[in-house]
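A quick write-up on the structure given underneath.
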Amino acid sequence: MGFAYIFKSSGFGIERLGLLALRAPRLTVALLILITLVLGAGVGKVGFSADIRDVFRGDTAIFATFERMTRIFPGSELDLQLIIEDDGTDAAGLFTPERLEALRDLQLDMNFIKGVKGVVSIFSLRRKPDEKGHLSPLFPADLGEIGDMTALRDRVTSHPLVQGKLLSANGRMTLYIISLDPARLNGPERKDLFAEIETFVRDTIDGTGLNYTLAGKPALYSQVIDELVRDQFLFKLLGMSLAVLISWIFFRNFRYVLLASLPPFLASIWLYGLMGWAGFSVNALTNVVPTLVMVIAFTNSVHMLFALRRYLALGMEVVPAMRNALLEVGPATVLATLTTAIALLSLVLAGQQYIVNFGLLAAAGAMFSLLVVLLAAPAVAAGLIVDPEPPHPRNNLVRQTIGKICVRAAYLVHRAPKVIFAAGAMVAILALVLHSFNKPYFLSKEYLPDGNPTVKAIEKVDDNLSGASSLYIYLQWPKTQDMRGERTLALIRDAHRVMAETSIIRAVWSLETVLDWLGQGNKAQQQRLFDHMQKNDSPTGSRIISFPHHAALITGFLKAPEASRFLPVITDLEQRLQPLRSAYPEAEIAVTGLSAISAVSTHRMIGLLNRSLGLAMLFNIFLIGFCFRSWRFSLYAVLPNVLPIAIAGGALYLFGQGLQFTSIVAFTIAFGIAVDNTIHFLHRFRLERENGLSVDDAITSVLATVGPVLVLTTVILAAGIGVTMLSHLPMVQIYGRLTVLILSVAVLGAMLVLPSILKTVIRETSK
């Protein structure tokens with residue numbers, strides 16, 4: 001292979017790897033088996049992750065502060081919430097002796113479950129210290145002797161640490177905040193831990209007329225992991241089955257279906273092995289990568305098999321037919337895979353490790369799909385394909401239908417090329433205008449579908465208590481700071497006031513809440529309280545102040561916010577904290593929490609993703625021109641590849657879904673795949689022109705030979721990726737819907753808009 005061929009080939013000569021496999025099929029098969037065994041050993045190491053923090057993890061100051069806060073105050077964002085409510089049959093709600101007894105048993109005995117580190121509820125709180133400094137329980141020891149339940153309920157609901165936080169105003173719903181051991185929560189015993197908690201709760205409240213629901217981040221994570229495991233099984237089974245079924249309907253030949261199925265099967269094993277050995281976990285984003293890689297490998301195989309079948313139909317033997325197929329389709333297949341990989345690698349520019357890992361993994365998978373097609377198809381074809389006749393019946397209804405579609409496309413292109421060209425441009429411009437109105441959007445509870453028990457629980461807390469989400473002001477002093485001193489308490493008081501004045505904050509929880517309840521002038525009781533907090537590992541006190549770490553936390557409770565609408569609130573809070581930063585220069589004052597991080601990071605992340613998508617589109621369009629050695633080919637490719645992205649963006653605006661990072665990732669993936677149609681069309685068009693055909697005849701020939709392949713591969717891609725719409729996770733559903741929409745528009749762009757551009761723009765010259 002000389003440099004002249006490499007320079008001339010649009011695939012840089014990479015496609016000739018297939019010729020090496022064709023010459024040494026046994027050695028190639030042995031190599032494929034060896035690679036599969038080595039990588040396959042890593043499949044069992046693949047884990048699952050549903051931590052929303054991973055979405056925003058990065059080298060930013062706000063996330064560094066958040067991680068420091070969660071180390072000092074581990075219960076701040078990682079608590080399991082247990083919601084208990086009555087069934088509505090008793091007007092007293094929760095406040096009957098039998099029900100209160102069961103609720104107190106929950107508080108006391110929950111701590112004996114392995115993996116539970118502490119529980120905060122209305123039963124863990126205390127009354128004001130007496131003259132001797134003793135903190136008596138809020139509830140009496142003998143609940144059966146309570147005379148006035150209404151007075152007790154009023155006393156409990158008026159407690160500053162209960163009001164709006166742990167008990168609803170009507171006394172019918174209460175909240176338990178359960179701290180869990182991260183080692184058991186994040187390990188293989190996760191499901192056992194949740195099962196033990198649920199069994200214990202169910203047995204304890206059985207027969208009392210009480211109902212329970214688990215909520216909080218751990219419950220959400222656990223359910224997302226369960227959904228991811230389900231998705232992996234479903235996507236692999238249905239994606240592969242649909243692709244095989246479609247191939248069988250078209251080819252009607254077992255050998256061809258097997259040859260088309262082998263590369264995606266190998267690519268899938270290689271990808272899972274890479275994930276295992278490299279330590280990648282399956283999350284809501286990487287969940288779709290194996291399916292993506294399978295369908296890319298499948299479509300590459302189909303392009304190769306179409307060319308092989310065509311040469312076999314001319315009477316060639318298998319080896320020369322496969323050689324011609326490699327030289328004809330191989331360059332376009334290589335270029336198409338490179339553009340897909342480049343689009344995926346552009347996600348690295350987002351800067352967020354969550355998306356960077358996805359981009360690297362998906363790009364590696366795309367290259368795996370190319371490598372197995374170039375090696376497996378030629379090596380296996382010689383031994384598998386023995387019939388030189390066309391491997392399909394001539395009356396194949398599917399082939400006839402697809403053929404008629406391609407003939408109709410050619411008719412429309414020749415009949416009204418300028419109209420199609422202009423219509424495509426106008427639709428693209430209008431859709432881009434609509435797309436420009438899209439705003440960043442992120443809501444953590446939408447990790448799970450509507451109607452999910454955990455989502456319902458979050459909504460109950462939002463409706464009946466102060467809110468299921470939290471915003472924090474984190475205060476950090478130097479080690480020399482007197483944590484009981486007046487200056488320390490003054491900063492906590494001022495920060496509490498600023499948080500309480502924030503528009504969407506429903507309630508605030510901090511040391512100031514407790515001190516105000518005790519009475520600001522009662523210094524003796526304050527000191528007794530501080531002594532109690534330092535001597536006892538209080539699950540309540542450990543959430544508001546850490547004496548060893550010289551830190552304090554101001555917690556604001558709010559209804560789950562949507563990121564773009566929450567950003568102005570964060571900006572306003574930061575501005576109102578500036579005077580405190582000037583007045584207390586010795587202290588670090590930071591706004592943090594998942595709500596704050598999602599508001600700040602979502603806007604930044606989506607902006608970076610939009611930029612990376614734009615750069616990927618520009619680079620790939622330039623690459624098309626470079627590989628075809630014609631800047632005109634770059635211009636021809638612009639509209640057919642911008643149109644699908646524009647329409648998808650316009651659809652997001654019309655349906656009011658906003659720009660989620662999943663949307664931009666779907667745009668990037670779909671563009672990388674959709675541009676393949678343009679490449680295969682232009683590659684064949686150039687060959688036909690070099691063979692002396694006119695523009696009209698070349699377009700007709702391309703639509704007749706390549707058109708059916710584009711239709712079939714789009715159907716395979718849409719079916720394979722479309723199975724992601726069956727996921728219960730909204731983020732994955734959005735990815736599936738957008739990708740299928742973009743692929744559908746892309747094939748129309750390749751078969752109608754692109755040939756219309758060629759017919760309109762290219763002037764015929766004599767040959």
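Chain lettering (A, B, ...) mirrors the order of the structure tokens, residue numbering begins at 1 for each chain separately, and ligand numbering begins at 1 in order of display.
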Legend entry - Shell around Phe265 of chain A at 10 Å using only C-alpha atoms, local window under 2 positions removed, as a ChimeraX atom specification: /A:236,240,260-263,267-270,293-294,297-298,369,372
Inset, instruction - Excluding Ile606 of chain A and any residue of its chain fewer than 3 positions from it, enumerate the residues within 12 Å of it, using only C-alpha atoms, and give them as a VMD selection string. - result: chain A and resid 56 347 349 to 352 355 438 to 442 563 to 564 598 to 603 609 to 613 658 to 665 667
Output as a Markdown table one row per residue of segment 525-573 of chain A within 12 Å of segment 491-498 of chain A: the closest atom pair and its distance in Å to one decimal place, counting only C-alpha atoms, sorted by chain and residue number ascending.
```
| residue | atom | partner | partner_atom | distance |
| --- | --- | --- | --- | --- |
| A:Ile544 | CA | A:Ile492 | CA | 10.1 |
| A:Ile545 | CA | A:Ile492 | CA | 9.9 |
| A:Ala551 | CA | A:Ile492 | CA | 10.2 |
| A:Ala552 | CA | A:Ile492 | CA | 7.6 |
| A:Leu553 | CA | A:Ile492 | CA | 8.3 |
| A:Ile554 | CA | A:His496 | CA | 6.2 |
| A:Thr555 | CA | A:His496 | CA | 8.4 |
| A:Gly556 | CA | A:His496 | CA | 8.8 |
| A:Asp572 | CA | A:Val498 | CA | 10.5 |
| A:Leu573 | CA | A:Val498 | CA | 7.6 |
```
Could you save the residues just selected, with N, CA, C and O atoms, as a short mmCIF file (atom, residue, chain, number, x, y, z; two decimals), in the first residue's frame?
```
data_model
loop_
_atom_site.label_atom_id
_atom_site.label_comp_id
_atom_site.auth_asym_id
_atom_site.auth_seq_id
_atom_site.Cartn_x
_atom_site.Cartn_y
_atom_site.Cartn_z
N ILE A 544 -25.80 20.70 62.33
CA ILE A 544 -25.80 22.16 62.34
C ILE A 544 -24.44 22.76 62.72
O ILE A 544 -24.13 23.89 62.32
N ILE A 545 -23.63 22.02 63.48
CA ILE A 545 -22.32 22.55 63.86
C ILE A 545 -21.35 21.41 64.12
O ILE A 545 -21.74 20.33 64.59
N ALA A 551 -16.70 24.29 61.95
CA ALA A 551 -17.60 24.56 60.82
C ALA A 551 -19.04 24.56 61.30
O ALA A 551 -19.38 23.95 62.32
N ALA A 552 -19.88 25.26 60.57
CA ALA A 552 -21.31 25.29 60.87
C ALA A 552 -22.07 25.29 59.55
O ALA A 552 -21.53 25.64 58.49
N LEU A 553 -23.33 24.89 59.64
CA LEU A 553 -24.14 24.74 58.44
C LEU A 553 -25.50 25.42 58.65
O LEU A 553 -26.16 25.19 59.67
N ILE A 554 -25.87 26.23 57.69
CA ILE A 554 -27.20 26.84 57.66
C ILE A 554 -27.96 26.13 56.55
O ILE A 554 -27.57 26.18 55.38
N THR A 555 -29.05 25.46 56.90
CA THR A 555 -29.82 24.68 55.93
C THR A 555 -31.14 25.37 55.63
O THR A 555 -31.92 25.65 56.55
N GLY A 556 -31.37 25.64 54.35
CA GLY A 556 -32.64 26.18 53.91
C GLY A 556 -33.42 25.10 53.18
O GLY A 556 -32.87 24.43 52.30
N ASP A 572 -28.57 35.95 43.59
CA ASP A 572 -29.04 36.95 44.56
C ASP A 572 -28.52 36.64 45.97
O ASP A 572 -28.09 37.55 46.70
N LEU A 573 -28.54 35.37 46.35
CA LEU A 573 -28.04 34.98 47.67
C LEU A 573 -26.56 35.29 47.81
O LEU A 573 -26.11 35.79 48.86
#
```
Inset, instruction - Go through segment 587-645 of chain A and collect every residue that DSSP, computed from the backbone, puts in alpha helix (DSSP H); the answer should be as a VMD selection string. - result: chain A and resid 594 to 627 631 to 645
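By only C-alpha atoms, and with residues fewer than 4 positions from Phe139 of chain A along its chain excluded, the set lying at most 9 Å from it is Ile122, Phe123, Leu125, Arg126, Arg127, Leu143, Leu152 and Val156 of chain A.
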Inset, instruction - Might you pull out every residue within 9 Å of segment 105-109 of chain A, with only C-alpha atoms counted and same-chain residues fewer than 3 positions away left off, and present them as a PyMOL selection string? - result: chain A and resi 100-102+112-113+119-124+176+200-201+204-205
Legend entry - Surrounding residues of Pro290 of chain A excluding itself and chain neighbours under 2 positions, 12 Å, only C-alpha atoms, as an MDAnalysis selection string: chainID A and resid 231:237 239:240 264:275 282:283 285:288 292:297 358 361:366 368:369 720:721 724
Counting only C-alpha atoms, which residues of segment 655-732 of chain A fall within 12 Å of segment 222-230 of chain A, and what is the closest atom pair for each with its distance in Å at one decimal, ordered by chain and rising number, as a Markdown table?
```
| residue | atom | partner | partner_atom | distance |
| --- | --- | --- | --- | --- |
| A:Thr724 | CA | A:Leu228 | CA | 11.0 |
| A:Leu726 | CA | A:Arg230 | CA | 10.5 |
| A:Ser727 | CA | A:Glu227 | CA | 7.7 |
| A:His728 | CA | A:Glu227 | CA | 6.9 |
| A:Leu729 | CA | A:Glu227 | CA | 7.2 |
| A:Pro730 | CA | A:Val224 | CA | 10.8 |
| A:Met731 | CA | A:Val224 | CA | 11.0 |
| A:Val732 | CA | A:Leu228 | CA | 9.8 |
```
